[in-house]
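> Pasting a structure below so you can have a look.
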Amino acid sequence: MSATTAGLAQSRFARVWASLPTTLVVGVALTLVWVFLALAAPLLTEYDPIKVDVLNILKPPGEAHWLGSDALGRDIYTRILYGARADLMMAFFGVVGPIILGTLIGLLGGYFGGRIDSILMRIFEVTVSFPYFVLVIAIVAVLGPGLQSYFISLTLVNWVTYARLVRSEALVLRNADFVLAARSMGFSHSRTILFHVLPNAMVPSAVFVMTDAVLTIVLGSSLGFLGLGVRPPTPEWGAMIAEGANYLTTAWWIAFFPGLAICILALGLSLIADGLARLLNTGP
């Protein structure tokens, strides 16, 4: 690569970097820190996250246990690191099913309209008629605790938001000039939807998905608090808070530090959502 080409590439990168919203950069950095901590957990601690240590029960934060230990002598710092894996999975994989199902339903309803749209919207109305949190709890209770049940329940309940967002965009885009041009050129409906409608209809969902990831973490932690989340003794932040609820006055660190971890990760994802909204000009 010549010096001129390298200089142009460096200048282009500098312009792109300068155009990125600060909130987006900070949010991505915070989230990547948690991803690194979760993946590198075995290298960052010498303790086992599930092994009981009766000689170190309810130890306050100190040199041996930086964030203290719980009622079974397990190191809180270690359990937070390993617990990040479950919460990150809930944050990212918890939105995959809803966004796929919701996008498909929204595209079909918005693009074709008519009877197809009417049928899909009746399904939408039936789903939203039930309280969101209650419906998720009911499905998880039927399927049994665990991440798999959690992901299935979210897919069956949370698709409605993405369907509404994509449908509203598809209703407008189906009459756009570039879509009409694609039809006049003989493109099939599947090609028109996939390459012309979908990329433009997904912009609002791309912003909302990060906000939804925050809600997914909070919901997953709430289920963990109720005993319907990740099965013990696997560490998960919501379950850790539930375990520390009975020791708030004597061992506050058991619930405090997992709660702080949830707040920091949620802050990072919220900043990404705000940055994407500014970058895509869909927010303030």
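Please note that chains go A, B, ... in the order of the structure tokens, that every chain numbers its residues from 1, and that ligands are numbered from 1 in the order shown.
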Can you check which residues of region 80-248 of chain A DSSP gives as helix (DSSP H, G or I) on the backbone and send them as a PyMOL selection string?
chain A and resi 80-93+96-112+114-128+132-143+147-173+177-184+189-201+203-225+237-247
> Determine, counting only C-alpha atoms, which protein, DNA and RNA residues have an atom within 9 Å of an atom of Ser270 (chain A); residues of the same chain fewer than 2 positions away are not included. Present the result as a ChimeraX atom specification.
/A:23,27,210-211,213-214,265-268,272-275
> Take the residues that were just selected and, keeping N, CA, C and O atoms, output them as a compact mmCIF listing (two decimals), in the first residue's frame.

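Listed below is the output, result-v7.txt:
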```
# COMPACT_ATOMS: atom_id res chain seq x y z
N THR A 23 -22.06 8.73 22.83
CA THR A 23 -22.83 7.74 23.58
C THR A 23 -22.67 6.35 22.97
O THR A 23 -22.61 5.35 23.70
N GLY A 27 -21.03 3.35 25.03
CA GLY A 27 -21.89 2.18 25.23
C GLY A 27 -21.26 0.90 24.71
O GLY A 27 -21.31 -0.14 25.37
N MET A 210 -31.66 -2.52 20.90
CA MET A 210 -30.73 -2.32 22.02
C MET A 210 -31.49 -1.94 23.28
O MET A 210 -31.15 -2.37 24.38
N THR A 211 -32.53 -1.12 23.12
CA THR A 211 -33.38 -0.80 24.28
C THR A 211 -34.10 -2.05 24.77
O THR A 211 -34.24 -2.28 25.98
N ALA A 213 -32.97 -5.02 24.54
CA ALA A 213 -31.98 -5.87 25.22
C ALA A 213 -31.88 -5.50 26.70
O ALA A 213 -31.71 -6.38 27.56
N VAL A 214 -32.00 -4.20 27.00
CA VAL A 214 -32.00 -3.77 28.40
C VAL A 214 -33.21 -4.34 29.13
O VAL A 214 -33.10 -4.89 30.24
N LEU A 265 -24.28 -2.82 32.86
CA LEU A 265 -24.54 -3.42 31.56
C LEU A 265 -25.75 -2.77 30.89
O LEU A 265 -25.73 -2.49 29.68
N ALA A 266 -26.80 -2.52 31.66
CA ALA A 266 -27.98 -1.86 31.10
C ALA A 266 -27.65 -0.45 30.62
O ALA A 266 -28.15 0.00 29.58
N LEU A 267 -26.77 0.25 31.35
CA LEU A 267 -26.35 1.57 30.93
C LEU A 267 -25.62 1.51 29.59
O LEU A 267 -25.85 2.33 28.69
N GLY A 268 -24.72 0.52 29.45
CA GLY A 268 -23.99 0.38 28.19
C GLY A 268 -24.92 0.15 27.01
O GLY A 268 -24.78 0.77 25.96
N ILE A 272 -25.79 2.60 23.73
CA ILE A 272 -25.71 2.15 22.33
C ILE A 272 -27.00 2.50 21.60
O ILE A 272 -26.96 2.98 20.45
N ALA A 273 -28.15 2.28 22.24
CA ALA A 273 -29.43 2.62 21.62
C ALA A 273 -29.51 4.10 21.31
O ALA A 273 -29.95 4.51 20.23
N ASP A 274 -29.09 4.93 22.26
CA ASP A 274 -29.12 6.38 22.05
C ASP A 274 -28.16 6.77 20.92
O ASP A 274 -28.51 7.61 20.08
N GLY A 275 -26.98 6.17 20.90
CA GLY A 275 -26.02 6.48 19.85
C GLY A 275 -26.50 6.07 18.48
O GLY A 275 -26.33 6.80 17.50
```
> May I have the residues within 8 Å of Thr192 (chain A) as a short mmCIF file (atom, residue, chain, number, x, y, z; two decimals) with C-alpha atoms, in the first residue's frame, using only C-alpha atoms and disregarding those fewer than 3 positions away in the same chain?

```
data_model
loop_
_atom_site.label_atom_id
_atom_site.label_comp_id
_atom_site.auth_asym_id
_atom_site.auth_seq_id
_atom_site.Cartn_x
_atom_site.Cartn_y
_atom_site.Cartn_z
CA VAL A 179 -40.38 -0.49 -4.72
CA ALA A 182 -38.73 -3.05 -8.72
CA ARG A 183 -42.22 -4.40 -9.37
CA PHE A 187 -38.94 -8.65 -9.58
CA SER A 188 -40.66 -11.30 -7.47
CA HIS A 189 -42.35 -10.36 -4.22
CA PHE A 195 -33.63 -6.47 -0.96
CA HIS A 196 -35.75 -3.31 -1.10
CA VAL A 197 -38.31 -3.22 1.71
#
```
> I need the residue nearest Cys263 (chain A) from this list: A:Lys59, A:Asp87, A:Trp159, A:Met185. Use only C-alpha atoms for the distance.
A:Asp87
> Mind pulling up the distance from CA of Ala40 (chain A) to CA of Met90 (chain A)?
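Interatomic distance here is 18.6 Å.
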> I'd like the neighbourhood of region 221-223 of chain A as a list in words, where a residue qualifies if any of its atoms comes within 8 Å (using only C-alpha atoms), though same-chain residues fewer than 3 positions away should be ignored.
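Residues near the query, excluding close chain neighbours: Asp87, Ile137, Ile217, Val218, Leu226, Gly227, Leu228, Gly229, Glu236, Trp237, Gly238 and Ala239 of chain A.
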> Taking only C-alpha atoms into account, name the residue in A:Val95, A:Ala170, A:Leu143, A:Val160 that is nearest to Glu125 (chain A).
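Going through A:Val95, A:Ala170, A:Leu143, A:Val160 one by one, the smallest distance to Glu125 (chain A) is for A:Val160.
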> Tell me which protein, DNA and RNA residues are within 12 Å of Leu107 (chain A), counting only C-alpha atoms, leaving out same-chain ones fewer than 2 positions away, and put them as number ranges by chain.
A: 99-105, 109-113, 116-117, 120-121, 162-174, 189-190, 192-194, 196-202
> What separation in Å, quoted to one decimal, exists between CA of Ala84 (chain A) and CA of Gly259 (chain A)?
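Separation of CA of Ala84 (chain A) and CA of Gly259 (chain A): 11.8 Å.
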> Restricting the calculation to only C-alpha atoms, which member of A:Thr249, A:Ser205, A:Ser153, A:Thr31 is positioned closest to Leu276 (chain A)?
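Using only C-alpha atoms, Leu276 (chain A) sits closest to A:Ser205.
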> In Å to one decimal, how far is CA of Asp75 (chain A) from CA of Leu39 (chain A)?
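Computed distance, CA of Leu39 (chain A) to CA of Asp75 (chain A), equals 17.7 Å.
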